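Shown next, in structure tokens, is the structure this report addresses.
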2 protein chains.
Amino acid sequence: MKLFDADWAPSPRRVRIYLAEKEIPVERVQIDIKGGEHLQPGYVALNPQRQMPALLLDDGTLIDDSLGICRYFEALQPDPPLFGRTPLEIGLVESWLRRVEHDCFQAVAAAFRNKVSAFAGRAVSGEWPPIEQIPEMVDRGRLMWAAFADVLDAHFAKHIFLVGDYFSMADIAALVAIDFGIGTRLPDPREDHPALARWHCAVSARPSAAA
Amino acid sequence: MKLFDADWAPSPRRVRIYLAEKEIPVERVQIDIKGGEHLQPGYVALNPQRQMPALLLDDGTLIDDSLGICRYFEALQPDPPLFGRTPLEIGLVESWLRRVEHDCFQAVAAAFRNKVSAFAGRAVSGEWPPIEQIPEMVDRGRLMWAAFADVLDAHFAKHIFLVGDYFSMADIAALVAIDFGIGTRLPDPREDHPALARWHCAVSARPSAAA
């Protein structure tokens, strides 16, 4: 199998951190996003969604979503579990994964892709006809970013991780979303959210965060 | 345990169909969305996200997301499996679930919530300060709705369900998203997408679809 990866982008980082936590080695192929390699016919023929990560299996099947790839490996190698150890944890990890995606990651993506000129006509990631940028979505994304930082800070004032004292895939997704926001120059929420900053420092200190 | 439900809304329907497929009985409490009961202090104290569905466990723990609730029950009662029977199916079901959510359900929600006057100041679901409607998001949602119907039609021309011949949670999510779009008066994609129409007819004919 081969993992199509991109150093710069946030979604592939979810998979890299996951694989590092699980100590699963996978052959990687770098796709040059800044050079537009993901928009060229070669990659589009492989993955019409034009996104990374994508996992190509030996029989030609493609798993084209970061969490889909992680859950595939989780089923192959359950230990250590990162999607929950009990039914309740499994439910809470999924709930946080979806909330982080909707309330944080997509808010950052909206603030970024509706603003940066390189995404003109491609304001939404994926397989689409031209989608024009909407400047008001930048402000909405910034509003959601600020509000969700408050939610996380209040949560981490009471809990070590998103699901109690259990480090999970939800923390990986949240770390990637927060770093995506900071990296795209949204206001750094660590400066005035001490509990969020403590959590961010703890998860960033894990060796997997550098993967 | 108690399931906070709302007949009219799309996300609770995901859970109702799932529970019907699994034949799992759960006590339900109806929340009156049209009367604004989910915005009143009683429900907000229980669920700050102001959303349904939400599953309240006997120990007071709340699982506040539709897929989180389904995965909780899936761990308690794996058979019949609706999130995949093999590692590959598990990966593909998750990939389709996330794509349906992002490319279809959120597109419908954007077209609906940025237009209808009842959602003025609440253009995004969840726990937020006021978020104003952005009229351009209605057009973007309609564009994504039309484009994703083409994607589904091409897929269903080759496959019975989203993951091959295996009916899964991804089909449930897609049915709910498509019916949400039709119910909110987006153009009915069945009229000019025969393969999508065949799939829609088949999944709608399952007794669970009426749950």
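Residue numbering restarts at 1 in every chain; chains get A, B, ... in the order shown in the structure tokens, and ligands count up from 1 in that same order.
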Return the neighbours of chain A among the residues of chain B, cut-off 6 Å, counting only C-alpha atoms, as a PDB file with N, CA and C atoms, in the first residue's frame.
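So the final result, stored in selection_5.pdb, reads:
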```pdb
ATOM      1  N   ASP B  65     -24.181  13.850  19.981  1.00  0.00           N
ATOM      2  CA  ASP B  65     -24.011  13.845  18.521  1.00  0.00           C
ATOM      3  C   ASP B  65     -24.633  12.577  17.945  1.00  0.00           C
ATOM      4  N   GLY B  68     -22.140   9.858  17.206  1.00  0.00           N
ATOM      5  CA  GLY B  68     -21.589   9.412  18.486  1.00  0.00           C
ATOM      6  C   GLY B  68     -22.545   8.454  19.177  1.00  0.00           C
ATOM      7  N   ILE B  69     -23.831   8.787  19.134  1.00  0.00           N
ATOM      8  CA  ILE B  69     -24.847   7.907  19.733  1.00  0.00           C
ATOM      9  C   ILE B  69     -24.877   6.565  19.011  1.00  0.00           C
ATOM     10  N   ARG B  71     -22.501   5.084  17.241  1.00  0.00           N
ATOM     11  CA  ARG B  71     -21.291   4.285  17.492  1.00  0.00           C
ATOM     12  C   ARG B  71     -21.285   3.725  18.917  1.00  0.00           C
ATOM     13  N   TYR B  72     -21.889   4.444  19.861  1.00  0.00           N
ATOM     14  CA  TYR B  72     -22.031   3.921  21.232  1.00  0.00           C
ATOM     15  C   TYR B  72     -22.855   2.629  21.205  1.00  0.00           C
ATOM     16  N   ALA B  75     -21.059  -0.335  19.567  1.00  0.00           N
ATOM     17  CA  ALA B  75     -20.098  -1.023  20.437  1.00  0.00           C
ATOM     18  C   ALA B  75     -20.829  -1.932  21.425  1.00  0.00           C
ATOM     19  N   PRO B  87     -12.069  -4.483   7.881  1.00  0.00           N
ATOM     20  CA  PRO B  87     -11.303  -3.220   7.980  1.00  0.00           C
ATOM     21  C   PRO B  87     -11.541  -2.303   6.774  1.00  0.00           C
ATOM     22  N   LEU B  88     -11.559  -2.871   5.573  1.00  0.00           N
ATOM     23  CA  LEU B  88     -11.759  -2.020   4.392  1.00  0.00           C
ATOM     24  C   LEU B  88     -13.137  -1.363   4.418  1.00  0.00           C
ATOM     25  N   ILE B  90     -14.956  -0.755   6.991  1.00  0.00           N
ATOM     26  CA  ILE B  90     -14.958   0.225   8.080  1.00  0.00           C
ATOM     27  C   ILE B  90     -14.341   1.544   7.612  1.00  0.00           C
ATOM     28  N   GLY B  91     -13.240   1.439   6.861  1.00  0.00           N
ATOM     29  CA  GLY B  91     -12.600   2.647   6.334  1.00  0.00           C
ATOM     30  C   GLY B  91     -13.458   3.354   5.307  1.00  0.00           C
ATOM     31  N   GLU B  94     -16.637   5.097   6.923  1.00  0.00           N
ATOM     32  CA  GLU B  94     -16.257   6.375   7.552  1.00  0.00           C
ATOM     33  C   GLU B  94     -15.973   7.443   6.494  1.00  0.00           C
ATOM     34  N   SER B  95     -15.280   7.059   5.426  1.00  0.00           N
ATOM     35  CA  SER B  95     -14.969   8.038   4.369  1.00  0.00           C
ATOM     36  C   SER B  95     -16.245   8.597   3.757  1.00  0.00           C
TER      37      SER B  95
END
```
Selected residue, from A:Ile178, A:Leu55, A:Ala149, A:Ala157, that lies nearest to Ala109 in chain A when counting only C-alpha atoms: A:Ile178
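Closest approach to Arg122 in chain A from the set A:Ile24, A:Ala110, A:Ile182, A:Leu19 is made by A:Ala110, with distances taken over only C-alpha atoms.
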Selection: 12 Å around Gln30 in chain A, only C-alpha atoms, excl. self and same-chain fewer than 5 positions, as a list in words: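 My list of contacting residues is Lys2, Leu3, Phe4, Asp5, Ala6, Asp7, Trp8, Ala9, Pro12, Gly35, Glu37, His38, Tyr43, Met52, Pro53 and Ala54 of chain A.
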Next, the residues of the selection above should be written as a PDB file, in the first residue's frame with N, CA and C atoms.
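For reference, result_18.pdb as written:
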```pdb
ATOM      1  N   LYS A   2       0.243   2.365  -0.415  1.00  0.00           N
ATOM      2  CA  LYS A   2       0.950   3.651  -0.452  1.00  0.00           C
ATOM      3  C   LYS A   2       0.052   4.737   0.119  1.00  0.00           C
ATOM      4  N   LEU A   3       0.635   5.603   0.921  1.00  0.00           N
ATOM      5  CA  LEU A   3      -0.103   6.733   1.482  1.00  0.00           C
ATOM      6  C   LEU A   3       0.311   8.005   0.749  1.00  0.00           C
ATOM      7  N   PHE A   4      -0.640   8.629   0.050  1.00  0.00           N
ATOM      8  CA  PHE A   4      -0.365   9.901  -0.606  1.00  0.00           C
ATOM      9  C   PHE A   4      -0.484  10.998   0.447  1.00  0.00           C
ATOM     10  N   ASP A   5       0.594  11.725   0.625  1.00  0.00           N
ATOM     11  CA  ASP A   5       0.791  12.609   1.766  1.00  0.00           C
ATOM     12  C   ASP A   5       1.134  14.008   1.243  1.00  0.00           C
ATOM     13  N   ALA A   6       1.010  14.998   2.122  1.00  0.00           N
ATOM     14  CA  ALA A   6       1.428  16.362   1.774  1.00  0.00           C
ATOM     15  C   ALA A   6       1.852  17.034   3.069  1.00  0.00           C
ATOM     16  N   ASP A   7       3.133  17.379   3.124  1.00  0.00           N
ATOM     17  CA  ASP A   7       3.700  17.904   4.375  1.00  0.00           C
ATOM     18  C   ASP A   7       2.941  19.082   4.927  1.00  0.00           C
ATOM     19  N   TRP A   8       2.526  19.956   4.025  1.00  0.00           N
ATOM     20  CA  TRP A   8       2.032  21.247   4.460  1.00  0.00           C
ATOM     21  C   TRP A   8       0.591  21.205   4.967  1.00  0.00           C
ATOM     22  N   ALA A   9      -0.222  20.317   4.412  1.00  0.00           N
ATOM     23  CA  ALA A   9      -1.675  20.369   4.622  1.00  0.00           C
ATOM     24  C   ALA A   9      -2.083  19.743   5.958  1.00  0.00           C
ATOM     25  N   PRO A  12      -3.578  15.490   6.063  1.00  0.00           N
ATOM     26  CA  PRO A  12      -2.586  14.403   6.114  1.00  0.00           C
ATOM     27  C   PRO A  12      -1.889  14.313   7.478  1.00  0.00           C
ATOM     28  N   GLY A  35       2.996  23.248  -5.687  1.00  0.00           N
ATOM     29  CA  GLY A  35       3.221  23.170  -7.127  1.00  0.00           C
ATOM     30  C   GLY A  35       1.979  22.717  -7.895  1.00  0.00           C
ATOM     31  N   GLU A  37       0.455  19.789  -7.827  1.00  0.00           N
ATOM     32  CA  GLU A  37       0.492  18.415  -8.330  1.00  0.00           C
ATOM     33  C   GLU A  37      -0.839  17.684  -8.110  1.00  0.00           C
ATOM     34  N   HIS A  38      -1.577  18.057  -7.051  1.00  0.00           N
ATOM     35  CA  HIS A  38      -2.845  17.369  -6.756  1.00  0.00           C
ATOM     36  C   HIS A  38      -3.935  17.748  -7.742  1.00  0.00           C
ATOM     37  N   TYR A  43      -2.775  12.794 -10.681  1.00  0.00           N
ATOM     38  CA  TYR A  43      -3.346  12.568  -9.356  1.00  0.00           C
ATOM     39  C   TYR A  43      -4.868  12.566  -9.393  1.00  0.00           C
ATOM     40  N   MET A  52      -5.395  15.163  -0.285  1.00  0.00           N
ATOM     41  CA  MET A  52      -4.581  14.250   0.473  1.00  0.00           C
ATOM     42  C   MET A  52      -5.089  14.315   1.909  1.00  0.00           C
ATOM     43  N   PRO A  53      -4.948  13.269   2.700  1.00  0.00           N
ATOM     44  CA  PRO A  53      -4.309  12.005   2.375  1.00  0.00           C
ATOM     45  C   PRO A  53      -5.230  11.087   1.574  1.00  0.00           C
ATOM     46  N   ALA A  54      -4.623  10.100   0.942  1.00  0.00           N
ATOM     47  CA  ALA A  54      -5.367   9.013   0.305  1.00  0.00           C
ATOM     48  C   ALA A  54      -4.501   7.766   0.414  1.00  0.00           C
TER      49      ALA A  54
END
```
Helix (DSSP H, G or I) positions in range 78-138 of chain B, given as an MDAnalysis selection string: chainID B and resid 87:113 117:119 136:138
Now that the selection is made, can you save its residues with N, CA and C atoms as a compact mmCIF listing (two decimals), in the first residue's frame?
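The result, stored in again23.txt:
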```
# COMPACT_ATOMS: atom_id res chain seq x y z
N PRO B 87 -12.07 -4.48 7.88
CA PRO B 87 -11.30 -3.22 7.98
C PRO B 87 -11.54 -2.30 6.77
N LEU B 88 -11.56 -2.87 5.57
CA LEU B 88 -11.76 -2.02 4.39
C LEU B 88 -13.14 -1.36 4.42
N GLU B 89 -14.19 -2.15 4.69
CA GLU B 89 -15.53 -1.56 4.76
C GLU B 89 -15.60 -0.50 5.86
N ILE B 90 -14.96 -0.75 6.99
CA ILE B 90 -14.96 0.22 8.08
C ILE B 90 -14.34 1.54 7.61
N GLY B 91 -13.24 1.44 6.86
CA GLY B 91 -12.60 2.65 6.33
C GLY B 91 -13.46 3.35 5.31
N LEU B 92 -14.12 2.58 4.44
CA LEU B 92 -14.93 3.19 3.38
C LEU B 92 -16.23 3.79 3.94
N VAL B 93 -16.85 3.12 4.93
CA VAL B 93 -18.06 3.68 5.54
C VAL B 93 -17.74 5.04 6.17
N GLU B 94 -16.64 5.10 6.92
CA GLU B 94 -16.26 6.37 7.55
C GLU B 94 -15.97 7.44 6.49
N SER B 95 -15.28 7.06 5.43
CA SER B 95 -14.97 8.04 4.37
C SER B 95 -16.25 8.60 3.76
N TRP B 96 -17.21 7.73 3.46
CA TRP B 96 -18.47 8.20 2.89
C TRP B 96 -19.28 9.01 3.90
N LEU B 97 -19.27 8.59 5.16
CA LEU B 97 -19.99 9.36 6.18
C LEU B 97 -19.47 10.80 6.22
N ARG B 98 -18.17 10.95 6.20
CA ARG B 98 -17.60 12.30 6.28
C ARG B 98 -17.84 13.09 4.99
N ARG B 99 -17.82 12.39 3.86
CA ARG B 99 -18.08 13.09 2.60
C ARG B 99 -19.53 13.53 2.51
N VAL B 100 -20.45 12.65 2.87
CA VAL B 100 -21.88 13.00 2.86
C VAL B 100 -22.13 14.18 3.79
N GLU B 101 -21.51 14.17 4.96
CA GLU B 101 -21.68 15.26 5.91
C GLU B 101 -21.19 16.58 5.32
N HIS B 102 -19.99 16.57 4.78
CA HIS B 102 -19.37 17.81 4.30
C HIS B 102 -19.94 18.27 2.97
N ASP B 103 -20.06 17.35 2.04
CA ASP B 103 -20.41 17.72 0.67
C ASP B 103 -21.91 17.84 0.44
N CYS B 104 -22.71 17.22 1.28
CA CYS B 104 -24.15 17.22 1.06
C CYS B 104 -24.91 17.80 2.25
N PHE B 105 -24.81 17.18 3.42
CA PHE B 105 -25.62 17.64 4.55
C PHE B 105 -25.32 19.09 4.91
N GLN B 106 -24.04 19.44 5.01
CA GLN B 106 -23.69 20.82 5.37
C GLN B 106 -24.05 21.80 4.25
N ALA B 107 -24.03 21.34 3.01
CA ALA B 107 -24.45 22.19 1.89
C ALA B 107 -25.94 22.50 1.99
N VAL B 108 -26.74 21.49 2.31
CA VAL B 108 -28.18 21.70 2.49
C VAL B 108 -28.42 22.63 3.68
N ALA B 109 -27.72 22.36 4.77
CA ALA B 109 -27.88 23.21 5.97
C ALA B 109 -27.52 24.66 5.66
N ALA B 110 -26.48 24.86 4.87
CA ALA B 110 -26.08 26.23 4.51
C ALA B 110 -27.17 26.90 3.67
N ALA B 111 -27.70 26.17 2.68
CA ALA B 111 -28.74 26.74 1.82
C ALA B 111 -29.99 27.07 2.63
N PHE B 112 -30.25 26.29 3.67
CA PHE B 112 -31.47 26.45 4.47
C PHE B 112 -31.29 27.52 5.55
N ARG B 113 -30.27 27.39 6.34
CA ARG B 113 -30.13 28.25 7.52
C ARG B 113 -29.72 29.67 7.16
N SER B 117 -36.01 32.89 7.57
CA SER B 117 -35.97 33.99 8.55
C SER B 117 -35.92 33.48 9.99
N ALA B 118 -36.47 32.29 10.22
CA ALA B 118 -36.44 31.74 11.59
C ALA B 118 -35.02 31.52 12.10
N PHE B 119 -34.05 31.45 11.18
CA PHE B 119 -32.66 31.22 11.59
C PHE B 119 -31.81 32.49 11.55
N GLU B 136 -25.13 34.75 0.10
CA GLU B 136 -24.34 34.05 -0.92
C GLU B 136 -24.16 32.57 -0.59
N MET B 137 -24.29 32.23 0.70
CA MET B 137 -24.13 30.82 1.08
C MET B 137 -25.30 29.97 0.59
N VAL B 138 -26.43 30.61 0.33
CA VAL B 138 -27.56 29.87 -0.22
C VAL B 138 -27.20 29.36 -1.63
```
